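Accompanying notes for the structure given below.
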Amino acid sequence: MLQVGRQHWERRVRRETPLVVGTATLLLFFVFGNAWLADPTQMAERGVLFVWLLAAIALCIFGVVRHADALAELLGEPLGTLILTLAVILIEISLIAAVMIEGVTDPTLARDTMFAVIMIMMNGMVGLCLLSGGLLHVQQEYNLEGARAYLAVLIPLSAIALILPNRTVSTSLQGTLNFWQATLFSIATLVLYAIFLGLQTMRHRGFFQEPDNGGAGESADALSDADGQRQSIATHAVLLLLTMVPVVGLAEYLAVMIEQGIHTFDVPTSVGGTLIAALILAPESITAMKAALGNKLQRSINLCLGSALSTVALTVPLVLMIGLAIGQSVTLGLEDENILLLALTLMVSVLTFGGTRTNVLHGAVHLLLFFTYVVLIFNP
């Protein structure tokens, strides 16, 4: 009996390896981090530290996603993907806030990260999901009302957050907002997103479920028994929050290394934002791909469009508030070429999700836009 109990706890500890590794890494950096990062000229040492730090954060993010996935199965759609999306967005906000508070001189890093999230999810991941799903299943169905609801909120919020600041004249810096503009736009954005969440989780929850209710017949108990690793909702929720603590704590050290790396290697500043976005979106992107290959396109759409929407609706207001609190200017307005790319992305998305079925052509078009975005990062 004691042997069985010990094996049970050993299995549980192994499953929580991300939490153990992340906590140990955070403690080591808390004690020795300032000394390790003091001399940016030690390239070999900095390279090892960067890989270690990146691996620890990535491992914790995957741990967060594992618990979010468990909650998704226990709670069902769309609450499952909403929890995963909000967890990833909280990590994104933590990383951006750490970069801002650390004193990065580039005021466009937050904007570049948010734009990178939109491009990665709405072009890169939507393209891969539709292309791979189309190759495997020819055509895939989804709930049209849900996709239209995402786009109906995402289009105006993206324009207000990333295009409108270029046309305001209340500040001396282009692409920025003054105090009252930032405050009022932030409040309006949060109110609209709250209305959307009410629609998604209560009034019109069916808009965001598989059109044939695929998977709805599987109960949480069946999933738990089949997996053998599912625990209670409260346990997964607590472990999810605990696994996020190392990510938030290590974000400050990652911010220092990103800032120093940008200046040391003289790379475009947008690379920093793209790196942060790619790191935090990796687990969510894998989940979306698995759903598309499993012919559950609605979940892929919920993840891809939900991430883009949550980034604009939550990250923008919080970044603006942090900027006002610490007296740091935040540039939101995009350059002309990126405004065109954003407009094309939104327009193509309306066409892609204008029917109830998708195919490989839709995926190829979105991948073309993503390829264009990547090229413009290094050769604007």
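In the structure tokens, chains take the letters A, B, ... in the order shown, each chain's residues start at 1, and ligands count up from 1 in the order shown.
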
- Query: If you count only C-alpha atoms, which residues fall within 10 Å of Arg111 in chain A, apart from same-chain ones fewer than 2 positions away, as a list in words?
  - Reply: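 Contacts, in chain order: Ile96, Pro107, Thr108, Leu109, Thr113, Met114, Phe115, Ala116, Val117, Ala161, Leu162, Ser270, Gly273, Val312, Thr315, Val316, Val319, Val330, Thr331, Leu332, Gly333 and Leu334 of chain A.
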
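Within the 8 Å cut-off around range 357-367 of chain A, using only C-alpha atoms and omitting residues fewer than 5 positions from it on the same chain, the listed residues are Met122, Asn123, Gly124, Val126, Gly127, Leu128, Cys129, Leu130, Leu131, Ser132, Gly133, Gly134, Leu135, Val138, Gln139, Gln140, Glu141, Tyr142, Thr345, Val348 and Thr352 of chain A.
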
Which residues in range 20-153 of chain A does DSSP call alpha helix (DSSP H)? List them as a PDB file with C-alpha atoms, in the first residue's frame.
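This went into states.pdb:
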```pdb
ATOM      1  CA  VAL A  20       9.624  22.368 -10.128  1.00  0.00           C
ATOM      2  CA  VAL A  21      12.093  23.475 -12.816  1.00  0.00           C
ATOM      3  CA  GLY A  22      10.555  26.930 -13.118  1.00  0.00           C
ATOM      4  CA  THR A  23      10.575  27.527  -9.365  1.00  0.00           C
ATOM      5  CA  ALA A  24      14.187  26.346  -9.030  1.00  0.00           C
ATOM      6  CA  THR A  25      15.271  28.565 -11.933  1.00  0.00           C
ATOM      7  CA  LEU A  26      13.450  31.561 -10.462  1.00  0.00           C
ATOM      8  CA  LEU A  27      15.151  31.077  -7.082  1.00  0.00           C
ATOM      9  CA  LEU A  28      18.596  30.800  -8.691  1.00  0.00           C
ATOM     10  CA  PHE A  29      18.087  33.921 -10.813  1.00  0.00           C
ATOM     11  CA  PHE A  30      16.678  35.783  -7.809  1.00  0.00           C
ATOM     12  CA  VAL A  31      19.877  35.065  -5.867  1.00  0.00           C
ATOM     13  CA  PHE A  32      22.500  35.242  -8.637  1.00  0.00           C
ATOM     14  CA  GLY A  33      20.663  36.853 -11.591  1.00  0.00           C
ATOM     15  CA  ASN A  34      21.982  40.405 -11.185  1.00  0.00           C
ATOM     16  CA  ALA A  35      25.569  39.163 -11.051  1.00  0.00           C
ATOM     17  CA  TRP A  36      25.077  36.812 -14.025  1.00  0.00           C
ATOM     18  CA  MET A  43      28.791  36.263 -25.066  1.00  0.00           C
ATOM     19  CA  ALA A  44      29.238  32.540 -24.377  1.00  0.00           C
ATOM     20  CA  GLU A  45      27.998  32.855 -20.811  1.00  0.00           C
ATOM     21  CA  ARG A  46      25.071  35.035 -21.909  1.00  0.00           C
ATOM     22  CA  GLY A  47      24.147  32.522 -24.595  1.00  0.00           C
ATOM     23  CA  VAL A  48      23.950  29.693 -22.047  1.00  0.00           C
ATOM     24  CA  LEU A  49      21.899  31.823 -19.665  1.00  0.00           C
ATOM     25  CA  PHE A  50      19.528  32.892 -22.429  1.00  0.00           C
ATOM     26  CA  VAL A  51      18.908  29.318 -23.586  1.00  0.00           C
ATOM     27  CA  TRP A  52      18.401  28.201 -19.973  1.00  0.00           C
ATOM     28  CA  LEU A  53      16.013  31.056 -19.234  1.00  0.00           C
ATOM     29  CA  LEU A  54      14.084  30.565 -22.463  1.00  0.00           C
ATOM     30  CA  ALA A  55      13.791  26.809 -21.889  1.00  0.00           C
ATOM     31  CA  ALA A  56      12.559  27.263 -18.311  1.00  0.00           C
ATOM     32  CA  ILE A  57       9.918  29.804 -19.351  1.00  0.00           C
ATOM     33  CA  ALA A  58       8.816  27.665 -22.298  1.00  0.00           C
ATOM     34  CA  LEU A  59       8.557  24.584 -20.066  1.00  0.00           C
ATOM     35  CA  CYS A  60       6.397  26.499 -17.569  1.00  0.00           C
ATOM     36  CA  ILE A  61       4.187  27.798 -20.374  1.00  0.00           C
ATOM     37  CA  PHE A  62       3.611  24.236 -21.572  1.00  0.00           C
ATOM     38  CA  GLY A  63       2.771  23.323 -17.980  1.00  0.00           C
ATOM     39  CA  VAL A  64       0.225  26.136 -17.852  1.00  0.00           C
ATOM     40  CA  VAL A  65      -1.298  24.924 -21.108  1.00  0.00           C
ATOM     41  CA  ARG A  66      -1.502  21.334 -19.804  1.00  0.00           C
ATOM     42  CA  HIS A  67      -3.599  22.456 -16.863  1.00  0.00           C
ATOM     43  CA  ALA A  68      -5.643  24.767 -19.082  1.00  0.00           C
ATOM     44  CA  ASP A  69      -6.321  21.854 -21.433  1.00  0.00           C
ATOM     45  CA  ALA A  70      -7.440  19.741 -18.482  1.00  0.00           C
ATOM     46  CA  LEU A  71      -9.820  22.505 -17.425  1.00  0.00           C
ATOM     47  CA  ALA A  72     -11.023  22.726 -21.030  1.00  0.00           C
ATOM     48  CA  GLU A  73     -11.986  19.055 -20.989  1.00  0.00           C
ATOM     49  CA  LEU A  74     -13.601  19.311 -17.565  1.00  0.00           C
ATOM     50  CA  LEU A  75     -15.555  22.499 -18.286  1.00  0.00           C
ATOM     51  CA  LEU A  79     -14.919  27.918 -21.437  1.00  0.00           C
ATOM     52  CA  GLY A  80     -11.984  25.595 -22.062  1.00  0.00           C
ATOM     53  CA  THR A  81     -10.374  27.585 -24.843  1.00  0.00           C
ATOM     54  CA  LEU A  82     -11.257  30.833 -23.071  1.00  0.00           C
ATOM     55  CA  ILE A  83      -9.281  29.747 -19.999  1.00  0.00           C
ATOM     56  CA  LEU A  84      -6.319  28.770 -22.173  1.00  0.00           C
ATOM     57  CA  THR A  85      -6.477  32.059 -24.082  1.00  0.00           C
ATOM     58  CA  LEU A  86      -6.690  34.189 -20.945  1.00  0.00           C
ATOM     59  CA  ALA A  87      -3.805  32.266 -19.344  1.00  0.00           C
ATOM     60  CA  VAL A  88      -1.600  32.919 -22.371  1.00  0.00           C
ATOM     61  CA  ILE A  89      -2.629  36.587 -22.494  1.00  0.00           C
ATOM     62  CA  LEU A  90      -1.773  36.994 -18.809  1.00  0.00           C
ATOM     63  CA  ILE A  91       1.697  35.610 -19.553  1.00  0.00           C
ATOM     64  CA  GLU A  92       2.013  38.016 -22.483  1.00  0.00           C
ATOM     65  CA  ILE A  93       1.025  40.984 -20.332  1.00  0.00           C
ATOM     66  CA  SER A  94       3.496  39.913 -17.644  1.00  0.00           C
ATOM     67  CA  LEU A  95       6.359  39.751 -20.128  1.00  0.00           C
ATOM     68  CA  ILE A  96       5.493  43.092 -21.759  1.00  0.00           C
ATOM     69  CA  ALA A  97       5.047  44.772 -18.384  1.00  0.00           C
ATOM     70  CA  ALA A  98       8.410  43.433 -17.223  1.00  0.00           C
ATOM     71  CA  VAL A  99      10.069  44.789 -20.365  1.00  0.00           C
ATOM     72  CA  MET A 100       8.460  48.209 -19.887  1.00  0.00           C
ATOM     73  CA  ILE A 101       9.228  48.464 -16.168  1.00  0.00           C
ATOM     74  CA  GLU A 102      12.801  47.294 -16.758  1.00  0.00           C
ATOM     75  CA  LEU A 109       8.115  46.941 -28.139  1.00  0.00           C
ATOM     76  CA  ALA A 110       4.615  46.475 -26.706  1.00  0.00           C
ATOM     77  CA  ARG A 111       3.075  47.422 -30.048  1.00  0.00           C
ATOM     78  CA  ASP A 112       5.385  45.091 -31.959  1.00  0.00           C
ATOM     79  CA  THR A 113       4.503  42.222 -29.619  1.00  0.00           C
ATOM     80  CA  MET A 114       0.766  42.777 -30.025  1.00  0.00           C
ATOM     81  CA  PHE A 115       1.067  43.077 -33.797  1.00  0.00           C
ATOM     82  CA  ALA A 116       3.194  39.922 -33.869  1.00  0.00           C
ATOM     83  CA  VAL A 117       0.481  38.039 -31.939  1.00  0.00           C
ATOM     84  CA  ILE A 118      -2.126  39.119 -34.502  1.00  0.00           C
ATOM     85  CA  MET A 119       0.064  38.130 -37.446  1.00  0.00           C
ATOM     86  CA  VAL A 126      -4.924  30.134 -39.186  1.00  0.00           C
ATOM     87  CA  GLY A 127      -3.060  29.401 -42.412  1.00  0.00           C
ATOM     88  CA  LEU A 128      -1.405  26.250 -41.074  1.00  0.00           C
ATOM     89  CA  CYS A 129      -4.627  24.983 -39.489  1.00  0.00           C
ATOM     90  CA  LEU A 130      -6.703  25.534 -42.622  1.00  0.00           C
ATOM     91  CA  LEU A 131      -4.028  24.160 -44.948  1.00  0.00           C
ATOM     92  CA  SER A 132      -3.246  21.034 -42.929  1.00  0.00           C
ATOM     93  CA  GLY A 133      -6.899  20.459 -42.074  1.00  0.00           C
ATOM     94  CA  GLY A 134      -7.894  20.937 -45.699  1.00  0.00           C
ATOM     95  CA  LEU A 135      -5.251  18.509 -46.945  1.00  0.00           C
ATOM     96  CA  LEU A 136      -6.388  15.889 -44.446  1.00  0.00           C
ATOM     97  CA  HIS A 137     -10.151  16.432 -44.461  1.00  0.00           C
ATOM     98  CA  LEU A 144     -20.142  30.831 -38.720  1.00  0.00           C
ATOM     99  CA  GLU A 145     -21.779  32.919 -36.002  1.00  0.00           C
ATOM    100  CA  GLY A 146     -18.828  32.421 -33.664  1.00  0.00           C
ATOM    101  CA  ALA A 147     -16.213  33.468 -36.231  1.00  0.00           C
ATOM    102  CA  ARG A 148     -18.273  36.518 -37.206  1.00  0.00           C
ATOM    103  CA  ALA A 149     -18.583  37.526 -33.553  1.00  0.00           C
ATOM    104  CA  TYR A 150     -14.799  37.437 -33.145  1.00  0.00           C
ATOM    105  CA  LEU A 151     -14.228  39.526 -36.272  1.00  0.00           C
ATOM    106  CA  ALA A 152     -17.017  41.986 -35.451  1.00  0.00           C
ATOM    107  CA  VAL A 153     -15.153  42.952 -32.265  1.00  0.00           C
TER     108      VAL A 153
END
```

Each residue of range 267-356 of chain A with at least one atom at most 10 Å from range 156-159 of chain A should appear once, together with its nearest atom pair and the corresponding distance in Å (one decimal); atoms considered: only C-alpha atoms; ordering: chain, then increasing residue number; output as CSV.
```
residue,atom,partner,partner_atom,distance
A:Ala308,CA,A:Ser158,CA,9.3
A:Leu309,CA,A:Leu157,CA,8.3
A:Thr311,CA,A:Ser158,CA,9.7
A:Val312,CA,A:Ser158,CA,6.4
A:Ala313,CA,A:Leu157,CA,7.0
A:Val316,CA,A:Leu157,CA,9.7
A:Gly333,CA,A:Ala159,CA,9.4
A:Ile339,CA,A:Ala159,CA,9.0
A:Leu342,CA,A:Ser158,CA,8.4
A:Ala343,CA,A:Ala159,CA,8.6
A:Leu346,CA,A:Ser158,CA,9.1
```

Could the residues in this selection be written to a file with N, CA and C atoms, as a compact mmCIF listing (two decimals), in the first residue's frame?
```txt
# COMPACT_ATOMS: atom_id res chain seq x y z
N ALA A 308 -5.95 36.64 -30.74
CA ALA A 308 -5.79 37.96 -31.36
C ALA A 308 -6.71 38.98 -30.70
N LEU A 309 -7.97 38.59 -30.47
CA LEU A 309 -8.92 39.51 -29.85
C LEU A 309 -8.53 39.85 -28.42
N THR A 311 -5.61 39.83 -27.10
CA THR A 311 -4.41 40.67 -27.11
C THR A 311 -4.78 42.13 -27.28
N VAL A 312 -5.65 42.42 -28.25
CA VAL A 312 -6.04 43.80 -28.50
C VAL A 312 -6.91 44.33 -27.37
N ALA A 313 -7.84 43.50 -26.89
CA ALA A 313 -8.82 43.97 -25.91
C ALA A 313 -8.26 44.09 -24.49
N VAL A 316 -3.68 45.97 -24.78
CA VAL A 316 -3.59 47.40 -25.09
C VAL A 316 -3.98 48.27 -23.90
N GLY A 333 0.66 53.25 -32.79
CA GLY A 333 0.41 53.34 -34.24
C GLY A 333 1.44 52.58 -35.05
N ILE A 339 0.30 48.78 -41.45
CA ILE A 339 -1.12 49.12 -41.51
C ILE A 339 -1.77 48.42 -42.70
N LEU A 342 -2.08 44.75 -41.86
CA LEU A 342 -3.18 44.53 -40.92
C LEU A 342 -4.52 44.61 -41.64
N ALA A 343 -4.68 45.61 -42.50
CA ALA A 343 -5.93 45.76 -43.25
C ALA A 343 -6.18 44.55 -44.15
N LEU A 346 -7.30 41.54 -41.96
CA LEU A 346 -8.68 41.62 -41.53
C LEU A 346 -9.65 41.39 -42.69
```

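CA of Ala251 in chain A to CA of Ile276 in chain A spans 10.0 Å [interatomic distance, one decimal].
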
- Item | Residue nearest Met125 in chain A among A:Ile322, A:Leu314, A:Leu341, A:Leu303 (counting only C-alpha atoms) |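 Among the listed residues, the smallest separation from Met125 in chain A belongs to A:Leu303.
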
- Item | Top pick for closest residue to Val169 in chain A, considering A:Asn338, A:Ser285, A:Gln181, A:Gln260 and counting only C-alpha atoms |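 Answer, going by the shortest atom-to-atom distance: A:Gln181.
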
- Task: Between CA of Leu275 in chain A and CA of Glu252 in chain A, measure the distance and give it in Å to one decimal.
- Result: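 Distance between the two atoms: 14.9 Å.
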